[in-house]
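Shown here: coords29.cif, mmCIF, C-alpha atoms.
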```cif
data_final
loop_
_atom_site.group_PDB
_atom_site.id
_atom_site.type_symbol
_atom_site.label_atom_id
_atom_site.label_comp_id
_atom_site.auth_asym_id
_atom_site.auth_seq_id
_atom_site.Cartn_x
_atom_site.Cartn_y
_atom_site.Cartn_z
ATOM 1 C CA MET A 1 19.533 -8.069 15.966
ATOM 2 C CA ASN A 2 18.605 -11.456 14.641
ATOM 3 C CA HIS A 3 19.160 -14.315 17.064
ATOM 4 C CA ASN A 4 17.690 -17.046 14.961
ATOM 5 C CA THR A 5 19.927 -19.635 13.427
ATOM 6 C CA PRO A 6 20.211 -18.941 9.739
ATOM 7 C CA ILE A 7 18.723 -21.742 7.716
ATOM 8 C CA LEU A 8 21.042 -21.030 4.860
ATOM 9 C CA THR A 9 24.636 -19.816 5.012
ATOM 10 C CA LYS A 10 27.058 -19.206 2.132
ATOM 11 C CA ARG A 11 30.688 -18.147 2.259
ATOM 12 C CA ILE A 12 32.802 -16.980 -0.629
ATOM 13 C CA PHE A 13 36.281 -15.442 -0.796
ATOM 14 C CA ILE A 14 36.505 -12.477 -3.141
ATOM 15 C CA GLU A 15 39.778 -10.913 -4.209
ATOM 16 C CA CYS A 16 38.858 -7.294 -3.672
ATOM 17 C CA SER A 17 38.776 -4.830 -0.801
ATOM 18 C CA PRO A 18 35.706 -4.682 1.477
ATOM 19 C CA LYS A 19 35.192 -1.152 0.114
ATOM 20 C CA THR A 20 34.926 -2.353 -3.475
ATOM 21 C CA LEU A 21 32.656 -5.218 -2.483
ATOM 22 C CA PHE A 22 30.413 -3.002 -0.357
ATOM 23 C CA SER A 23 29.584 -0.828 -3.374
ATOM 24 C CA PHE A 24 27.939 -3.855 -5.008
ATOM 25 C CA PHE A 25 25.209 -3.793 -2.358
ATOM 26 C CA VAL A 26 24.325 -0.106 -2.442
ATOM 27 C CA ASP A 27 24.954 1.002 -6.028
ATOM 28 C CA PRO A 28 22.201 -0.169 -8.417
ATOM 29 C CA ASP A 29 24.513 0.008 -11.458
ATOM 30 C CA LYS A 30 26.873 -2.373 -9.712
ATOM 31 C CA MET A 31 24.234 -4.587 -8.170
ATOM 32 C CA VAL A 32 22.691 -5.277 -11.561
ATOM 33 C CA ARG A 33 26.021 -6.781 -12.592
ATOM 34 C CA TRP A 34 25.473 -9.702 -10.244
ATOM 35 C CA ILE A 35 21.766 -9.930 -9.491
ATOM 36 C CA GLY A 36 18.672 -9.361 -11.606
ATOM 37 C CA GLN A 37 17.942 -7.502 -14.820
ATOM 38 C CA HIS A 38 16.630 -4.275 -13.343
ATOM 39 C CA VAL A 39 17.539 -2.985 -9.926
ATOM 40 C CA LEU A 40 16.022 -0.098 -7.981
ATOM 41 C CA LEU A 41 17.670 0.755 -4.676
ATOM 42 C CA GLU A 42 17.094 3.256 -1.921
ATOM 43 C CA PRO A 43 20.220 2.483 0.110
ATOM 44 C CA LYS A 44 19.345 3.864 3.536
ATOM 45 C CA ILE A 45 17.815 2.312 6.658
ATOM 46 C CA GLY A 46 14.180 1.577 5.855
ATOM 47 C CA GLY A 47 14.814 2.320 2.178
ATOM 48 C CA LYS A 48 13.146 0.019 -0.315
ATOM 49 C CA TYR A 49 14.648 -2.069 -3.064
ATOM 50 C CA ARG A 50 13.167 -3.907 -6.025
ATOM 51 C CA ILE A 51 15.161 -6.463 -7.968
ATOM 52 C CA ASP A 52 13.617 -7.842 -11.135
ATOM 53 C CA ILE A 53 15.406 -11.184 -11.409
ATOM 54 C CA ASN A 54 14.218 -12.417 -14.790
ATOM 55 C CA GLY A 55 11.082 -10.533 -15.717
ATOM 56 C CA GLU A 56 8.948 -12.982 -13.717
ATOM 57 C CA ASN A 57 10.467 -13.244 -10.264
ATOM 58 C CA ILE A 58 10.740 -9.969 -8.424
ATOM 59 C CA ALA A 59 12.506 -9.668 -5.089
ATOM 60 C CA LEU A 60 11.210 -6.908 -2.813
ATOM 61 C CA GLY A 61 12.224 -5.655 0.588
ATOM 62 C CA GLU A 62 14.036 -2.961 2.481
ATOM 63 C CA TYR A 63 17.383 -2.155 4.025
ATOM 64 C CA LYS A 64 17.486 -2.960 7.739
ATOM 65 C CA GLU A 65 21.142 -2.241 8.378
ATOM 66 C CA ILE A 66 23.941 -0.595 6.405
ATOM 67 C CA THR A 67 27.399 -0.529 7.979
ATOM 68 C CA PRO A 68 29.851 0.757 5.355
ATOM 69 C CA TYR A 69 32.358 -1.872 4.209
ATOM 70 C CA GLU A 70 31.182 -4.322 6.905
ATOM 71 C CA LYS A 71 27.572 -5.342 6.747
ATOM 72 C CA VAL A 72 24.304 -5.008 4.832
ATOM 73 C CA VAL A 73 21.013 -6.504 6.065
ATOM 74 C CA LEU A 74 17.931 -6.679 3.859
ATOM 75 C CA THR A 75 14.456 -8.064 4.315
ATOM 76 C CA TRP A 76 13.772 -10.473 1.491
ATOM 77 C CA GLY A 77 10.703 -11.881 -0.214
ATOM 78 C CA TRP A 78 9.109 -12.441 -3.572
ATOM 79 C CA GLU A 79 6.356 -10.380 -5.130
ATOM 80 C CA GLY A 80 3.163 -12.406 -5.409
ATOM 81 C CA LEU A 81 4.466 -15.409 -3.509
ATOM 82 C CA GLU A 82 2.228 -15.702 -0.464
ATOM 83 C CA ILE A 83 4.353 -18.321 1.207
ATOM 84 C CA MET A 84 7.411 -16.064 1.027
ATOM 85 C CA PRO A 85 6.114 -12.506 0.666
ATOM 86 C CA PRO A 86 8.209 -9.325 0.853
ATOM 87 C CA GLY A 87 9.404 -8.836 4.426
ATOM 88 C CA SER A 88 8.993 -12.482 5.366
ATOM 89 C CA SER A 89 12.684 -13.318 5.492
ATOM 90 C CA THR A 90 15.987 -11.576 6.186
ATOM 91 C CA VAL A 91 19.286 -11.710 4.317
ATOM 92 C CA GLU A 92 22.518 -10.597 5.940
ATOM 93 C CA PHE A 93 25.763 -9.949 4.054
ATOM 94 C CA VAL A 94 28.859 -9.748 6.264
ATOM 95 C CA LEU A 95 32.155 -8.513 4.796
ATOM 96 C CA THR A 96 35.331 -9.567 6.623
ATOM 97 C CA PRO A 97 38.829 -8.541 5.489
ATOM 98 C CA HIS A 98 40.809 -11.701 4.834
ATOM 99 C CA ASP A 99 44.359 -11.969 3.441
ATOM 100 C CA SER A 100 44.390 -9.598 0.475
ATOM 101 C CA GLY A 101 40.659 -9.829 -0.125
ATOM 102 C CA THR A 102 37.278 -10.126 1.559
ATOM 103 C CA LEU A 103 35.418 -13.075 2.955
ATOM 104 C CA LEU A 104 31.729 -12.619 2.233
ATOM 105 C CA THR A 105 29.229 -14.459 4.437
ATOM 106 C CA LEU A 106 25.565 -14.611 3.467
ATOM 107 C CA ASN A 107 23.001 -15.653 6.074
ATOM 108 C CA HIS A 108 19.378 -16.121 5.079
ATOM 109 C CA PHE A 109 17.117 -16.085 8.146
ATOM 110 C CA ASP A 110 13.464 -16.854 8.704
ATOM 111 C CA LEU A 111 12.734 -18.736 5.519
ATOM 112 C CA PRO A 112 9.045 -19.549 5.951
ATOM 113 C CA ILE A 113 9.488 -22.699 3.905
ATOM 114 C CA GLU A 114 11.470 -24.205 6.735
ATOM 115 C CA LYS A 115 8.625 -23.668 9.160
ATOM 116 C CA MET A 116 6.134 -25.080 6.734
ATOM 117 C CA THR A 117 8.040 -28.257 6.098
ATOM 118 C CA SER A 118 9.576 -28.806 9.510
ATOM 119 C CA ASN A 119 6.414 -29.448 11.469
ATOM 120 C CA ASP A 120 2.685 -29.681 11.105
ATOM 121 C CA GLN A 121 2.133 -26.643 13.257
ATOM 122 C CA GLY A 122 4.037 -24.541 10.730
ATOM 123 C CA TRP A 123 2.103 -26.049 7.921
ATOM 124 C CA THR A 124 -1.214 -25.216 9.557
ATOM 125 C CA HIS A 125 -0.059 -21.702 10.372
ATOM 126 C CA TYR A 126 0.676 -20.899 6.743
ATOM 127 C CA MET A 127 -2.289 -22.699 5.331
ATOM 128 C CA THR A 128 -4.571 -20.805 7.705
ATOM 129 C CA ARG A 129 -3.054 -17.558 6.483
ATOM 130 C CA LEU A 130 -3.448 -18.672 2.893
ATOM 131 C CA GLN A 131 -7.074 -19.422 3.433
ATOM 132 C CA ARG A 132 -7.764 -16.059 5.030
ATOM 133 C CA LEU A 133 -5.908 -14.422 2.152
ATOM 134 C CA ALA A 134 -7.989 -16.443 -0.262
ATOM 135 C CA GLU A 135 -11.102 -15.117 1.447
ATOM 136 C CA GLY A 136 -9.930 -11.608 0.739
ATOM 137 C CA GLN A 137 -9.052 -10.716 4.313
ATOM 138 C CA ASN A 138 -6.167 -8.473 5.148
ATOM 139 C CA ILE A 139 -3.991 -10.796 7.180
ATOM 140 C CA GLY A 140 -1.299 -8.266 8.061
ATOM 141 C CA PRO A 141 2.358 -9.035 8.569
ATOM 142 C CA ASP A 142 3.260 -12.591 9.429
ATOM 143 C CA PRO A 143 3.834 -12.769 13.211
ATOM 144 C CA TRP A 144 6.209 -15.674 12.615
ATOM 145 C CA ALA A 145 8.382 -13.661 10.294
ATOM 146 C CA THR A 146 9.668 -11.577 13.170
ATOM 147 C CA ASP A 147 9.391 -13.800 16.213
ATOM 148 C CA LYS A 148 12.511 -14.798 18.099
ATOM 149 C CA LYS A 149 13.006 -18.427 18.925
ATOM 150 C CA MET B 1 10.399 -24.188 -10.681
ATOM 151 C CA ILE B 2 9.483 -21.232 -8.509
ATOM 152 C CA GLU B 3 7.342 -19.871 -11.357
ATOM 153 C CA LYS B 4 5.233 -23.014 -11.201
ATOM 154 C CA VAL B 5 4.763 -22.720 -7.460
ATOM 155 C CA ILE B 6 3.819 -19.053 -7.749
ATOM 156 C CA ALA B 7 1.406 -19.797 -10.584
ATOM 157 C CA SER B 8 -0.105 -22.658 -8.569
ATOM 158 C CA LEU B 9 -0.692 -20.542 -5.525
ATOM 159 C CA SER B 10 -1.924 -17.471 -7.380
ATOM 160 C CA VAL B 11 -5.453 -18.897 -7.737
ATOM 161 C CA PRO B 12 -7.608 -18.780 -4.565
ATOM 162 C CA SER B 13 -9.347 -22.086 -5.342
ATOM 163 C CA ARG B 14 -5.999 -23.853 -5.440
ATOM 164 C CA ARG B 15 -5.002 -22.401 -2.097
ATOM 165 C CA GLU B 16 -8.312 -23.612 -0.704
ATOM 166 C CA ILE B 17 -7.654 -27.071 -2.083
ATOM 167 C CA LEU B 18 -4.309 -27.144 -0.308
ATOM 168 C CA TYR B 19 -6.028 -26.028 2.846
ATOM 169 C CA LEU B 20 -8.581 -28.844 2.565
ATOM 170 C CA LEU B 21 -5.773 -31.342 2.134
ATOM 171 C CA ARG B 22 -3.860 -30.191 5.200
ATOM 172 C CA ASP B 23 -5.320 -32.905 7.432
ATOM 173 C CA GLY B 24 -4.936 -35.796 5.013
ATOM 174 C CA GLU B 25 -5.772 -37.159 1.595
ATOM 175 C CA LEU B 26 -9.087 -36.675 -0.160
ATOM 176 C CA THR B 27 -10.654 -37.848 -3.413
ATOM 177 C CA SER B 28 -11.421 -35.240 -6.066
ATOM 178 C CA THR B 29 -15.126 -35.851 -5.433
ATOM 179 C CA ALA B 30 -14.702 -35.017 -1.746
ATOM 180 C CA ILE B 31 -12.719 -31.914 -2.682
ATOM 181 C CA ALA B 32 -15.329 -30.822 -5.237
ATOM 182 C CA GLU B 33 -18.061 -30.956 -2.561
ATOM 183 C CA HIS B 34 -16.472 -27.947 -0.921
ATOM 184 C CA PHE B 35 -16.688 -25.816 -4.044
ATOM 185 C CA GLU B 36 -19.365 -24.265 -6.197
ATOM 186 C CA ILE B 37 -17.253 -24.695 -9.305
ATOM 187 C CA SER B 38 -17.565 -27.761 -11.551
ATOM 188 C CA ALA B 39 -15.793 -31.074 -11.000
ATOM 189 C CA PRO B 40 -13.785 -30.697 -14.255
ATOM 190 C CA ALA B 41 -12.595 -27.288 -13.037
ATOM 191 C CA ILE B 42 -11.464 -28.886 -9.767
ATOM 192 C CA SER B 43 -9.657 -31.609 -11.732
ATOM 193 C CA GLN B 44 -7.879 -28.921 -13.697
ATOM 194 C CA HIS B 45 -6.756 -27.169 -10.496
ATOM 195 C CA LEU B 46 -5.554 -30.494 -9.082
ATOM 196 C CA LYS B 47 -3.581 -31.097 -12.261
ATOM 197 C CA VAL B 48 -1.825 -27.744 -11.910
ATOM 198 C CA LEU B 49 -1.047 -28.374 -8.234
ATOM 199 C CA GLN B 50 0.293 -31.807 -9.126
ATOM 200 C CA HIS B 51 2.402 -30.380 -11.939
ATOM 201 C CA SER B 52 4.023 -27.844 -9.615
ATOM 202 C CA GLY B 53 4.855 -30.598 -7.127
ATOM 203 C CA LEU B 54 2.638 -29.299 -4.326
ATOM 204 C CA VAL B 55 0.129 -32.138 -4.497
ATOM 205 C CA ALA B 56 0.631 -35.864 -5.077
ATOM 206 C CA VAL B 57 -1.931 -38.434 -6.195
ATOM 207 C CA ARG B 58 -2.486 -42.090 -5.320
ATOM 208 C CA LYS B 59 -4.764 -44.410 -7.276
ATOM 209 C CA SER B 60 -6.830 -47.038 -5.485
ATOM 210 C CA GLY B 61 -9.288 -48.920 -7.663
ATOM 211 C CA THR B 62 -11.219 -46.303 -9.612
ATOM 212 C CA LYS B 63 -10.551 -43.592 -7.063
ATOM 213 C CA ARG B 64 -7.753 -41.059 -7.000
ATOM 214 C CA TYR B 65 -6.619 -39.733 -3.649
ATOM 215 C CA TYR B 66 -4.894 -36.375 -3.472
ATOM 216 C CA ARG B 67 -2.532 -35.279 -0.737
ATOM 217 C CA ILE B 68 -0.109 -32.476 0.079
ATOM 218 C CA ARG B 69 3.430 -33.045 -1.120
ATOM 219 C CA LYS B 70 5.603 -31.242 1.416
ATOM 220 C CA GLU B 71 8.716 -31.894 -0.665
ATOM 221 C CA GLY B 72 7.231 -29.466 -3.164
ATOM 222 C CA PHE B 73 7.873 -26.696 -0.686
ATOM 223 C CA LYS B 74 11.359 -28.007 -0.009
ATOM 224 C CA ASP B 75 12.050 -27.524 -3.713
ATOM 225 C CA LEU B 76 11.450 -23.853 -3.118
ATOM 226 C CA LYS B 77 14.242 -23.865 -0.544
ATOM 227 C CA ALA B 78 16.486 -25.634 -3.050
ATOM 228 C CA PHE B 79 15.631 -22.922 -5.579
ATOM 229 C CA ILE B 80 16.684 -20.193 -3.140
ATOM 230 C CA ASP B 81 19.873 -22.085 -2.324
ATOM 231 C CA GLN B 82 20.761 -22.323 -6.017
ATOM 232 C CA PHE B 83 19.758 -18.705 -6.548
ATOM 233 C CA TRP B 84 22.306 -17.485 -3.991
ATOM 234 C CA ASP B 85 25.046 -19.793 -5.301
ATOM 235 C CA ASP B 86 24.637 -18.431 -8.831
ATOM 236 C CA SER B 87 24.377 -14.829 -7.661
ATOM 237 C CA LEU B 88 27.481 -14.989 -5.438
ATOM 238 C CA ILE B 89 29.619 -16.421 -8.261
ATOM 239 C CA ARG B 90 28.562 -13.486 -10.436
ATOM 240 C CA LEU B 91 29.272 -11.084 -7.563
ATOM 241 C CA LYS B 92 32.782 -12.506 -7.181
ATOM 242 C CA GLU B 93 33.497 -12.066 -10.893
ATOM 243 C CA ALA B 94 32.099 -8.551 -11.041
ATOM 244 C CA ALA B 95 33.803 -7.345 -7.843
ATOM 245 C CA GLU B 96 37.200 -8.787 -8.813
ATOM 246 C CA GLU B 97 36.946 -7.168 -12.237
ATOM 247 C CA GLU B 98 36.066 -3.875 -10.572
ATOM 248 C CA GLU B 99 39.054 -4.189 -8.239
ATOM 249 C CA ARG B 100 41.426 -4.806 -11.160
ATOM 250 C CA ARG B 101 40.002 -1.783 -12.976
ATOM 251 C CA ASN B 102 40.466 0.402 -9.869
ATOM 252 C CA ASN B 103 44.070 -0.716 -9.535
ATOM 253 C CA GLU B 104 45.018 0.021 -13.130
ATOM 254 C CA PRO B 105 47.640 2.743 -13.319
#
```

Represent the supplied structure as structure tokens.
Amino acid sequence: MNHNTPILTKRIFIECSPKTLFSFFVDPDKMVRWIGQHVLLEPKIGGKYRIDINGENIALGEYKEITPYEKVVLTWGWEGLEIMPPGSSTVEFVLTPHDSGTLLTLNHFDLPIEKMTSNDQGWTHYMTRLQRLAEGQNIGPDPWATDKK
Amino acid sequence: MIEKVIASLSVPSRREILYLLRDGELTSTAIAEHFEISAPAISQHLKVLQHSGLVAVRKSGTKRYYRIRKEGFKDLKAFIDQFWDDSLIRLKEAAEEEERRNNEP
């Protein structure tokens, strides 16, 4: 589904079953125990979520994939942050049974920051979009947020 | 830190300043020529951009040259990196507690 190389990968071993861990991605009462202050979830494909991290930073996006006990994929972005708006990046959580627990792998794909800082072309791309935004134009979804390298 | 970046970018004039600086450094006078707003207002915007790490300044004689500070955007990546580290530690604690609770007789 996503063939890009993740720009950020985290792995953590958790001493619980994949089933227990999975519930922390689809149950708002459980999700709020590890992320944000207020969590609204619509855990179905295309369903939206809103995670109020600290009253100021709000993560917004939608569920792209939900495979019970195995995998959850979300689009990820920040409300009001033009350089990383909702839908601009993708976060994948992969749950793998391991010994008596679960190995959780997090991959964050398509971070626009990487493109902006990695080359001048990326910089110009985002600054052009910023300018058009500043001029009040509707710039639509970022074509770079979904392209495949 | 992300709050500062968001606040910096939330004002159209500041985004335009960044856009002007994309090709290289400029003095505040040169920047101000592109705007209808006053020079002190431009200085204030430059101060905010500097404070959030998105713009850097270099003094030469009496002039101050402003330029994009790309590292400022790398800080945002560092913020996201830290954000996931902190969140995953909390997830581990919460999920392991949940598992223990489920396994209680």

Around (37.1, -6.2, -12.0) in the file's frame, which residues reach within 12 Å when counting all atoms listed in the file? Return as a PyMOL selection string? (chain A and resi 14-17+20-21+24+30+33) or (chain B and resi 90-104)

Centre and size of axis-aligned box enclosing segment 89-102 of chain A plus 5 Å each side, as lines of an AutoDock Vina configuration file:
```
center_x = 28.5
center_y = -10.9
center_z = 3.2
size_x = 41.7
size_y = 14.8
size_z = 16.7
```

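Residues in contact with segment 54-69 of chain B at up to 8 Å, not including ones fewer than 6 positions away on its chain and judged by all atoms listed in the file, are Val5, Leu18, Leu21, Arg22, Gly24, Glu25, Leu26, Thr27, Ser28 and Leu46 of chain B.
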
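Interatomic distance, atom CA of Gly61 of chain A to atom CA of Trp76 of chain A: 5.1 Å.
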
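Checking B:Ala32, B:Ser43, B:Pro105, B:Phe79 one by one against chain A, counting only C-alpha atoms, you find the shortest gap at B:Phe79.
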
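You can rank B:Asp23, B:Ser52, B:Glu36, B:Ile42 by their closest distance to chain A using only C-alpha atoms, and at the top of that list sits B:Asp23.
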
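Of the listed residues (A:Ile35, A:Ile58, A:Ile7, A:Val26), A:Ile35 comes nearest to chain B; the distances count only C-alpha atoms.
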
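Between atom CA of Lys10 of chain A and atom CA of Thr96 of chain A there is a distance of 13.5 Å.
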
Using all atoms listed in the file: which of B:His34, B:His51, B:His45, B:Arg14 has the shortest distance to chain A: B:Arg14

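In this comparison, which uses all atoms listed in the file, the residue of A:Leu60, A:Val73, A:Leu41, A:Leu104 approaching chain B most closely is A:Leu104.
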
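Interatomic distance, atom CA of Lys19 of chain A against atom CA of Tyr69 of chain A: 5.0 Å.
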
Exactly which residues make up the result of the PyMOL selection byres ((chain A and resi 75) around 10) on this file, given as a PyMOL selection string? chain A and resi 46+48-49+59-65+73-74+76-77+86-92+108-110

Hey, which of A:Phe13, A:Gly47, A:Leu40, A:Pro28 ends up closest to Ser100 of chain A? Count only C-alpha atoms. A:Phe13

Complete segment 6-40 of chain B at the level of N, CA and C atoms, written as a PDB file, in the coordinates of the input.
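Everything below was put into rebuild-v9.pdb:
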```pdb
ATOM      1  N   ILE B   6       4.533 -20.331  -7.820  1.00  0.00           N
ATOM      2  CA  ILE B   6       3.819 -19.053  -7.749  1.00  0.00           C
ATOM      3  C   ILE B   6       2.517 -19.137  -8.528  1.00  0.00           C
ATOM      4  N   ALA B   7       2.603 -19.690  -9.746  1.00  0.00           N
ATOM      5  CA  ALA B   7       1.406 -19.797 -10.584  1.00  0.00           C
ATOM      6  C   ALA B   7       0.360 -20.672  -9.895  1.00  0.00           C
ATOM      7  N   SER B   8       0.817 -21.754  -9.264  1.00  0.00           N
ATOM      8  CA  SER B   8      -0.105 -22.658  -8.569  1.00  0.00           C
ATOM      9  C   SER B   8      -0.854 -21.958  -7.464  1.00  0.00           C
ATOM     10  N   LEU B   9      -0.113 -21.144  -6.720  1.00  0.00           N
ATOM     11  CA  LEU B   9      -0.692 -20.542  -5.525  1.00  0.00           C
ATOM     12  C   LEU B   9      -1.427 -19.240  -5.806  1.00  0.00           C
ATOM     13  N   SER B  10      -1.337 -18.777  -7.067  1.00  0.00           N
ATOM     14  CA  SER B  10      -1.924 -17.471  -7.380  1.00  0.00           C
ATOM     15  C   SER B  10      -3.444 -17.543  -7.511  1.00  0.00           C
ATOM     16  N   VAL B  11      -3.998 -18.744  -7.592  1.00  0.00           N
ATOM     17  CA  VAL B  11      -5.453 -18.897  -7.737  1.00  0.00           C
ATOM     18  C   VAL B  11      -6.060 -19.300  -6.387  1.00  0.00           C
ATOM     19  N   PRO B  12      -7.021 -18.499  -5.891  1.00  0.00           N
ATOM     20  CA  PRO B  12      -7.608 -18.780  -4.565  1.00  0.00           C
ATOM     21  C   PRO B  12      -8.138 -20.207  -4.412  1.00  0.00           C
ATOM     22  N   SER B  13      -8.798 -20.723  -5.451  1.00  0.00           N
ATOM     23  CA  SER B  13      -9.347 -22.086  -5.342  1.00  0.00           C
ATOM     24  C   SER B  13      -8.255 -23.101  -5.050  1.00  0.00           C
ATOM     25  N   ARG B  14      -7.096 -22.883  -5.657  1.00  0.00           N
ATOM     26  CA  ARG B  14      -5.999 -23.853  -5.440  1.00  0.00           C
ATOM     27  C   ARG B  14      -5.475 -23.759  -4.014  1.00  0.00           C
ATOM     28  N   ARG B  15      -5.438 -22.547  -3.493  1.00  0.00           N
ATOM     29  CA  ARG B  15      -5.002 -22.401  -2.097  1.00  0.00           C
ATOM     30  C   ARG B  15      -6.010 -23.078  -1.169  1.00  0.00           C
ATOM     31  N   GLU B  16      -7.284 -22.963  -1.524  1.00  0.00           N
ATOM     32  CA  GLU B  16      -8.312 -23.612  -0.704  1.00  0.00           C
ATOM     33  C   GLU B  16      -8.197 -25.124  -0.771  1.00  0.00           C
ATOM     34  N   ILE B  17      -7.844 -25.622  -1.949  1.00  0.00           N
ATOM     35  CA  ILE B  17      -7.654 -27.071  -2.083  1.00  0.00           C
ATOM     36  C   ILE B  17      -6.523 -27.529  -1.170  1.00  0.00           C
ATOM     37  N   LEU B  18      -5.432 -26.788  -1.180  1.00  0.00           N
ATOM     38  CA  LEU B  18      -4.309 -27.144  -0.308  1.00  0.00           C
ATOM     39  C   LEU B  18      -4.732 -27.123   1.152  1.00  0.00           C
ATOM     40  N   TYR B  19      -5.558 -26.142   1.468  1.00  0.00           N
ATOM     41  CA  TYR B  19      -6.028 -26.028   2.846  1.00  0.00           C
ATOM     42  C   TYR B  19      -6.879 -27.236   3.233  1.00  0.00           C
ATOM     43  N   LEU B  20      -7.740 -27.663   2.301  1.00  0.00           N
ATOM     44  CA  LEU B  20      -8.581 -28.844   2.565  1.00  0.00           C
ATOM     45  C   LEU B  20      -7.735 -30.093   2.784  1.00  0.00           C
ATOM     46  N   LEU B  21      -6.613 -30.142   2.076  1.00  0.00           N
ATOM     47  CA  LEU B  21      -5.773 -31.342   2.134  1.00  0.00           C
ATOM     48  C   LEU B  21      -4.819 -31.357   3.324  1.00  0.00           C
ATOM     49  N   ARG B  22      -4.851 -30.294   4.141  1.00  0.00           N
ATOM     50  CA  ARG B  22      -3.860 -30.191   5.200  1.00  0.00           C
ATOM     51  C   ARG B  22      -3.938 -31.327   6.216  1.00  0.00           C
ATOM     52  N   ASP B  23      -5.157 -31.864   6.406  1.00  0.00           N
ATOM     53  CA  ASP B  23      -5.320 -32.905   7.432  1.00  0.00           C
ATOM     54  C   ASP B  23      -5.199 -34.327   6.887  1.00  0.00           C
ATOM     55  N   GLY B  24      -5.053 -34.452   5.569  1.00  0.00           N
ATOM     56  CA  GLY B  24      -4.936 -35.796   5.013  1.00  0.00           C
ATOM     57  C   GLY B  24      -5.437 -35.851   3.590  1.00  0.00           C
ATOM     58  N   GLU B  25      -5.401 -37.052   3.006  1.00  0.00           N
ATOM     59  CA  GLU B  25      -5.772 -37.159   1.595  1.00  0.00           C
ATOM     60  C   GLU B  25      -7.286 -37.175   1.395  1.00  0.00           C
ATOM     61  N   LEU B  26      -7.679 -36.720   0.216  1.00  0.00           N
ATOM     62  CA  LEU B  26      -9.087 -36.675  -0.160  1.00  0.00           C
ATOM     63  C   LEU B  26      -9.232 -37.054  -1.637  1.00  0.00           C
ATOM     64  N   THR B  27     -10.388 -37.607  -1.992  1.00  0.00           N
ATOM     65  CA  THR B  27     -10.654 -37.848  -3.413  1.00  0.00           C
ATOM     66  C   THR B  27     -11.091 -36.528  -4.054  1.00  0.00           C
ATOM     67  N   SER B  28     -11.024 -36.487  -5.395  1.00  0.00           N
ATOM     68  CA  SER B  28     -11.421 -35.240  -6.066  1.00  0.00           C
ATOM     69  C   SER B  28     -12.900 -34.965  -5.842  1.00  0.00           C
ATOM     70  N   THR B  29     -13.688 -36.022  -5.704  1.00  0.00           N
ATOM     71  CA  THR B  29     -15.126 -35.851  -5.433  1.00  0.00           C
ATOM     72  C   THR B  29     -15.322 -35.154  -4.085  1.00  0.00           C
ATOM     73  N   ALA B  30     -14.596 -35.620  -3.073  1.00  0.00           N
ATOM     74  CA  ALA B  30     -14.702 -35.017  -1.746  1.00  0.00           C
ATOM     75  C   ALA B  30     -14.239 -33.556  -1.776  1.00  0.00           C
ATOM     76  N   ILE B  31     -13.214 -33.299  -2.564  1.00  0.00           N
ATOM     77  CA  ILE B  31     -12.719 -31.914  -2.682  1.00  0.00           C
ATOM     78  C   ILE B  31     -13.785 -31.050  -3.350  1.00  0.00           C
ATOM     79  N   ALA B  32     -14.358 -31.587  -4.439  1.00  0.00           N
ATOM     80  CA  ALA B  32     -15.329 -30.822  -5.237  1.00  0.00           C
ATOM     81  C   ALA B  32     -16.556 -30.431  -4.406  1.00  0.00           C
ATOM     82  N   GLU B  33     -16.894 -31.253  -3.399  1.00  0.00           N
ATOM     83  CA  GLU B  33     -18.061 -30.956  -2.561  1.00  0.00           C
ATOM     84  C   GLU B  33     -17.934 -29.624  -1.821  1.00  0.00           C
ATOM     85  N   HIS B  34     -16.692 -29.197  -1.639  1.00  0.00           N
ATOM     86  CA  HIS B  34     -16.472 -27.947  -0.921  1.00  0.00           C
ATOM     87  C   HIS B  34     -16.560 -26.712  -1.818  1.00  0.00           C
ATOM     88  N   PHE B  35     -16.730 -26.944  -3.103  1.00  0.00           N
ATOM     89  CA  PHE B  35     -16.688 -25.816  -4.044  1.00  0.00           C
ATOM     90  C   PHE B  35     -17.970 -25.709  -4.859  1.00  0.00           C
ATOM     91  N   GLU B  36     -18.230 -24.503  -5.316  1.00  0.00           N
ATOM     92  CA  GLU B  36     -19.365 -24.265  -6.197  1.00  0.00           C
ATOM     93  C   GLU B  36     -18.991 -24.586  -7.637  1.00  0.00           C
ATOM     94  N   ILE B  37     -17.687 -24.499  -7.915  1.00  0.00           N
ATOM     95  CA  ILE B  37     -17.253 -24.695  -9.305  1.00  0.00           C
ATOM     96  C   ILE B  37     -17.337 -26.168  -9.705  1.00  0.00           C
ATOM     97  N   SER B  38     -17.336 -26.414 -11.015  1.00  0.00           N
ATOM     98  CA  SER B  38     -17.565 -27.761 -11.551  1.00  0.00           C
ATOM     99  C   SER B  38     -16.437 -28.733 -11.215  1.00  0.00           C
ATOM    100  N   ALA B  39     -16.784 -30.021 -11.252  1.00  0.00           N
ATOM    101  CA  ALA B  39     -15.793 -31.074 -11.000  1.00  0.00           C
ATOM    102  C   ALA B  39     -14.636 -31.020 -12.010  1.00  0.00           C
ATOM    103  N   PRO B  40     -14.912 -30.809 -13.312  1.00  0.00           N
ATOM    104  CA  PRO B  40     -13.785 -30.697 -14.255  1.00  0.00           C
ATOM    105  C   PRO B  40     -12.852 -29.537 -13.915  1.00  0.00           C
TER     106      PRO B  40
END
```
